[in-house]
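Source file: structure_26.cif. Holds: mmCIF, C-alpha atoms.
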data_entry
#
loop_
_atom_site.label_atom_id
_atom_site.label_comp_id
_atom_site.auth_asym_id
_atom_site.auth_seq_id
_atom_site.Cartn_x
_atom_site.Cartn_y
_atom_site.Cartn_z
CA MET A 1 37.58 4.51 -24.01
CA LYS A 2 37.93 2.57 -20.77
CA ARG A 3 34.70 1.05 -19.47
CA GLN A 4 34.03 1.56 -15.79
CA GLU A 5 31.68 -0.53 -13.69
CA LEU A 6 28.83 1.00 -11.78
CA GLN A 7 29.74 1.19 -8.11
CA VAL A 8 26.13 0.73 -6.98
CA ALA A 9 23.43 -1.37 -8.71
CA ALA A 10 20.41 0.22 -10.40
CA LEU A 11 17.18 0.55 -8.41
CA GLU A 12 13.79 -0.45 -9.81
CA ASN A 13 11.60 1.48 -7.34
CA GLY A 14 12.58 3.47 -4.27
CA THR A 15 14.68 6.38 -3.11
CA VAL A 16 18.30 7.36 -3.65
CA ILE A 17 19.94 9.76 -1.22
CA ASP A 18 23.07 11.06 -2.91
CA HIS A 19 25.84 13.54 -2.10
CA ILE A 20 25.90 12.65 1.59
CA PRO A 21 29.12 13.86 3.23
CA SER A 22 30.89 10.62 4.21
CA ASP A 23 31.27 11.72 7.83
CA LYS A 24 27.45 11.99 8.06
CA LEU A 25 26.56 8.63 6.46
CA PHE A 26 26.02 6.62 9.62
CA ALA A 27 24.07 9.45 11.26
CA VAL A 28 21.72 9.34 8.23
CA VAL A 29 21.39 5.53 8.48
CA ASN A 30 20.57 5.87 12.19
CA LEU A 31 18.18 8.78 11.71
CA LEU A 32 16.14 7.03 9.01
CA HIS A 33 16.16 3.72 10.96
CA LEU A 34 17.42 1.87 7.90
CA GLU A 35 18.49 -1.08 10.06
CA GLU A 36 14.75 -1.77 10.48
CA CYS A 37 14.06 -1.64 6.74
CA ARG A 38 12.74 -4.95 5.32
CA THR A 39 13.67 -4.12 1.73
CA ALA A 40 17.09 -3.94 0.09
CA VAL A 41 19.31 -1.08 1.29
CA THR A 42 22.53 -0.36 -0.58
CA VAL A 43 25.09 1.87 1.12
CA GLY A 44 28.08 3.31 -0.71
CA TYR A 45 30.69 4.89 1.55
CA ASN A 46 33.52 7.21 0.56
CA LEU A 47 32.86 7.01 -3.20
CA LYS A 48 34.73 9.31 -5.58
CA SER A 49 32.83 12.46 -6.48
CA LYS A 50 33.75 15.25 -8.90
CA LYS A 51 31.54 17.65 -6.94
CA MET A 52 32.64 16.74 -3.38
CA GLY A 53 35.89 14.79 -3.66
CA HIS A 54 34.31 11.91 -1.75
CA LYS A 55 30.68 11.23 -0.93
CA SER A 56 28.35 8.56 0.30
CA ILE A 57 25.09 7.31 -1.19
CA ILE A 58 22.13 5.26 0.06
CA LYS A 59 19.63 3.41 -2.13
CA ILE A 60 16.48 2.06 -0.49
CA ALA A 61 14.21 -0.25 -2.49
CA ASN A 62 10.47 0.39 -2.33
CA LYS A 63 10.82 3.15 0.28
CA PHE A 64 9.60 6.72 -0.10
CA PHE A 65 10.10 9.29 2.65
CA THR A 66 7.64 11.70 4.25
CA ASP A 67 8.28 15.44 4.49
CA GLU A 68 8.86 14.98 8.23
CA GLU A 69 11.58 12.39 7.59
CA LEU A 70 13.19 14.69 5.02
CA ASN A 71 13.18 17.57 7.53
CA GLN A 72 15.01 15.31 9.98
CA LEU A 73 17.53 14.47 7.27
CA ALA A 74 18.05 18.16 6.51
CA ALA A 75 18.88 18.82 10.17
CA ILE A 76 22.00 16.69 10.02
CA THR A 77 22.99 16.96 6.37
CA PRO A 78 21.21 19.61 4.31
CA ASN A 79 21.68 19.89 0.56
CA VAL A 80 21.83 16.16 -0.18
CA SER A 81 20.19 15.07 -3.44
CA LEU A 82 17.07 12.95 -3.26
CA CYS A 83 15.89 10.94 -6.27
CA ILE A 84 12.58 9.10 -6.44
CA ILE A 85 12.89 6.08 -8.75
CA LYS A 86 10.01 4.26 -10.46
CA ASP A 87 10.56 1.54 -13.09
CA TYR A 88 14.32 2.33 -13.11
CA GLU A 89 13.64 5.97 -14.06
CA ILE A 90 14.11 9.14 -11.97
CA VAL A 91 10.61 10.61 -11.64
CA GLU A 92 11.54 13.32 -9.14
CA LYS A 93 14.82 14.87 -8.08
CA LYS A 94 15.23 17.50 -5.40
CA THR A 95 17.68 18.93 -2.93
CA VAL A 96 16.80 18.41 0.72
CA THR A 97 16.83 21.80 2.44
CA LEU A 98 16.61 22.86 6.05
CA PRO A 99 13.05 23.84 7.11
CA ASP A 100 12.32 26.97 9.16
CA GLU A 101 11.52 24.95 12.30
CA LEU A 102 12.70 21.61 13.70
CA ILE A 103 10.50 19.98 16.33
CA GLY A 104 11.62 16.88 18.23
CA ILE A 105 14.55 16.26 15.90
CA ILE A 106 17.68 17.67 17.53
CA ARG A 107 18.86 17.95 21.12
CA CYS A 108 19.53 21.26 22.89
CA LYS A 109 23.12 21.50 24.11
CA ASN A 110 22.12 23.56 27.15
CA PRO A 111 21.92 21.12 30.10
CA LYS A 112 19.55 23.54 31.91
CA CYS A 113 17.09 23.70 29.00
CA ILE A 114 13.64 22.45 29.97
CA THR A 115 13.76 19.94 27.09
CA ASN A 116 16.69 18.19 28.81
CA ASN A 117 14.89 18.04 32.16
CA GLU A 118 11.23 17.43 31.30
CA PRO A 119 9.61 14.90 28.93
CA MET A 120 8.93 17.28 26.06
CA SER A 121 9.98 17.77 22.46
CA THR A 122 12.70 20.18 21.46
CA HIS A 123 11.78 23.10 19.21
CA PHE A 124 14.38 24.96 17.16
CA ARG A 125 14.04 27.88 14.75
CA VAL A 126 16.52 28.14 11.91
CA ILE A 127 17.94 31.64 12.09
CA ASP A 128 20.43 31.33 9.21
CA HIS A 129 19.80 28.79 6.43
CA THR A 130 23.19 29.43 4.83
CA THR A 131 25.25 28.54 7.89
CA GLY A 132 22.64 26.21 9.42
CA THR A 133 22.49 28.17 12.68
CA MET A 134 19.50 27.25 14.86
CA CYS A 135 18.05 28.68 18.06
CA CYS A 136 16.20 26.82 20.83
CA HIS A 137 12.65 28.10 21.23
CA TYR A 138 12.75 27.57 25.02
CA CYS A 139 16.19 28.77 26.19
CA ASN A 140 17.48 30.69 23.13
CA THR A 141 20.67 28.61 22.97
CA GLN A 142 22.14 28.75 19.47
CA LEU A 143 23.50 25.69 17.67
CA ALA A 144 25.73 25.59 14.63
CA ARG A 145 25.13 22.79 12.10
CA GLU A 146 28.33 21.08 13.29
CA GLU A 147 26.96 20.90 16.85
CA VAL A 148 23.69 19.19 15.93
CA GLU A 149 23.00 16.05 17.92
CA LEU A 150 19.90 13.97 17.27
CA SER A 151 17.24 13.73 19.97
CA LYS A 152 16.96 10.38 21.70
CA LYS A 153 13.47 9.04 21.06
#
As C-alpha cells - that is how I would like this structure written.
Amino acid sequence: MKRQELQVAALENGTVIDHIPSDKLFAVVNLLHLEECRTAVTVGYNLKSKKMGHKSIIKIANKFFTDEELNQLAAITPNVSLCIIKDYEIVEKKTVTLPDELIGIIRCKNPKCITNNEPMSTHFRVIDHTTGTMCCHYCNTQLAREEVELSKK
C-alpha cells in the first residue's frame, strides 16, 4: 500500500473549517478576519476531495468561534464542516447551517434600500434554507445565495 503524506499538519487546539468550496475560501478568510489572527493559520486551497471533487480547508490554532461568527460563515458558505480540536482530538463536529435571520452580515443589492442610504444594519430573513434564498426585512428584495455580498463594516 502506498503511503500518502498529510496535506495539512495536525492541530493541537483550535478549529478546523473543512469542505469549503474553493471559490469561497478567500471570502471566508476575509469574513473571519484571519489576517488579524495572532496564532497559526493553515490554509489549504483546492485540495482533492472525494465528496466535492476539490475543496479548501482552514485550520486556526487556539481559536474558537462564536455563534454569531458561525452565522456569518453560513451566509456565504453554508454546510461546511466545523471541528473543534483539543489535545489533537476532535471534541465536537458539526455542520454550519444558515440561521433564520441574518443581521448586519450581508448587503442588500437594492440601491434604494434604506440600509444602503442610512447608517443602519441590514436585516435578512431566510425564506428557503435549501436554496439559500433570503429576503430583506426593509425593502423585501430577495437574494439568492450566489448573490450574497458581505456588508462593509
query: With only C-alpha atoms as the atoms that count, which of A:Leu34, A:Ala27, A:Val148, A:Ala61 lies nearest to Asp87 (chain A)?
result: A:Ala61
task: For CA of Lys48 (chain A) and CA of Glu69 (chain A), determine how far apart the two atoms are, in Å to one decimal place.
output: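 Those two atoms sit 26.8 Å apart.
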Explicit residue set for the PyMOL selection byres ((chain A and resi 130) around 12), as a PDB file with C-alpha atoms, keeping the file's coordinate frame:
ATOM      1  CA  PRO A  78      21.210  19.610   4.310  1.00  0.00           C
ATOM      2  CA  ASN A  79      21.680  19.890   0.560  1.00  0.00           C
ATOM      3  CA  THR A  97      16.830  21.800   2.440  1.00  0.00           C
ATOM      4  CA  LEU A  98      16.610  22.860   6.050  1.00  0.00           C
ATOM      5  CA  PRO A  99      13.050  23.840   7.110  1.00  0.00           C
ATOM      6  CA  ASP A 100      12.320  26.970   9.160  1.00  0.00           C
ATOM      7  CA  VAL A 126      16.520  28.140  11.910  1.00  0.00           C
ATOM      8  CA  ILE A 127      17.940  31.640  12.090  1.00  0.00           C
ATOM      9  CA  ASP A 128      20.430  31.330   9.210  1.00  0.00           C
ATOM     10  CA  HIS A 129      19.800  28.790   6.430  1.00  0.00           C
ATOM     11  CA  THR A 131      25.250  28.540   7.890  1.00  0.00           C
ATOM     12  CA  GLY A 132      22.640  26.210   9.420  1.00  0.00           C
ATOM     13  CA  THR A 133      22.490  28.170  12.680  1.00  0.00           C
ATOM     14  CA  MET A 134      19.500  27.250  14.860  1.00  0.00           C
ATOM     15  CA  ALA A 144      25.730  25.590  14.630  1.00  0.00           C
ATOM     16  CA  ARG A 145      25.130  22.790  12.100  1.00  0.00           C
TER      17      ARG A 145
END
field: Residue IDs satisfying the PyMOL selection byres ((chain A and resi 90-93) around 12), as a ChimeraX atom specification
entry: /A:10-18,64,80-89,94-96
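Between CA of Phe65 (chain A) and CA of Val41 (chain A) there is a distance of 13.9 Å.
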- request: Evaluate the PyMOL selection byres ((chain A and resi 46) around 6) here and jot the selected residues down as a VMD selection string.
  value: chain A and resid 22 45 47 54 to 56
task: Tell me, in Å to one decimal, how far CA of Lys24 (chain A) is from CA of Asp67 (chain A).
output: 19.8 Å
query: Of the candidates A:Lys50, A:Lys59, A:Lys109, A:Arg38, which shows the shortest atom-to-atom distance to Thr122 (chain A), using all atoms listed in the file?
result: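 Going through A:Lys50, A:Lys59, A:Lys109, A:Arg38 one by one, the smallest distance to Thr122 (chain A) is for A:Lys109.
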Within 8 Å of Thr77 (chain A) using all atoms listed in the file, minus same-chain residues under 3 positions, as a list in words: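 Skipping anything fewer than 3 positions along the chain leaves Ile20, Pro21, Lys24, Val28, Leu73, Ala74 and Val80 of chain A.
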Put a box with edges along x, y and z around all the listed atoms of region 99-102 of chain A, pad it by 8 Å on each side, then give me its centre and sizes in Å, one decimal, as JSON.
{"center_x": 12.3, "center_y": 24.3, "center_z": 10.4, "size_x": 17.5, "size_y": 21.4, "size_z": 22.6}
message: Residues within 9 Å of Cys139 (chain A), please, as number ranges by chain. Count only C-alpha atoms; anything in the same chain fewer than 6 positions from it doesn't count.
response: A: 108, 110, 112-114
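When all atoms listed in the file are used to measure the gap to Ser49 (chain A), the shortest distance among A:His19, A:Gly104, A:Leu32, A:Asn62 belongs to A:His19.
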message: Ranking A:Cys136, A:Ile105, A:Ile57, A:Ala40 by minimum distance to Gln72 (chain A) and counting all atoms listed in the file, which one comes first?
response: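 Of A:Cys136, A:Ile105, A:Ile57, A:Ala40, the one nearest Gln72 (chain A) is A:Ile105, counting all atoms listed in the file.
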task: Select, from A:Leu102, A:Met52, A:Leu70, A:Ile76, the residue with the minimum atom-to-atom distance to Phe26 (chain A), counting all atoms listed in the file.
output: A:Ile76
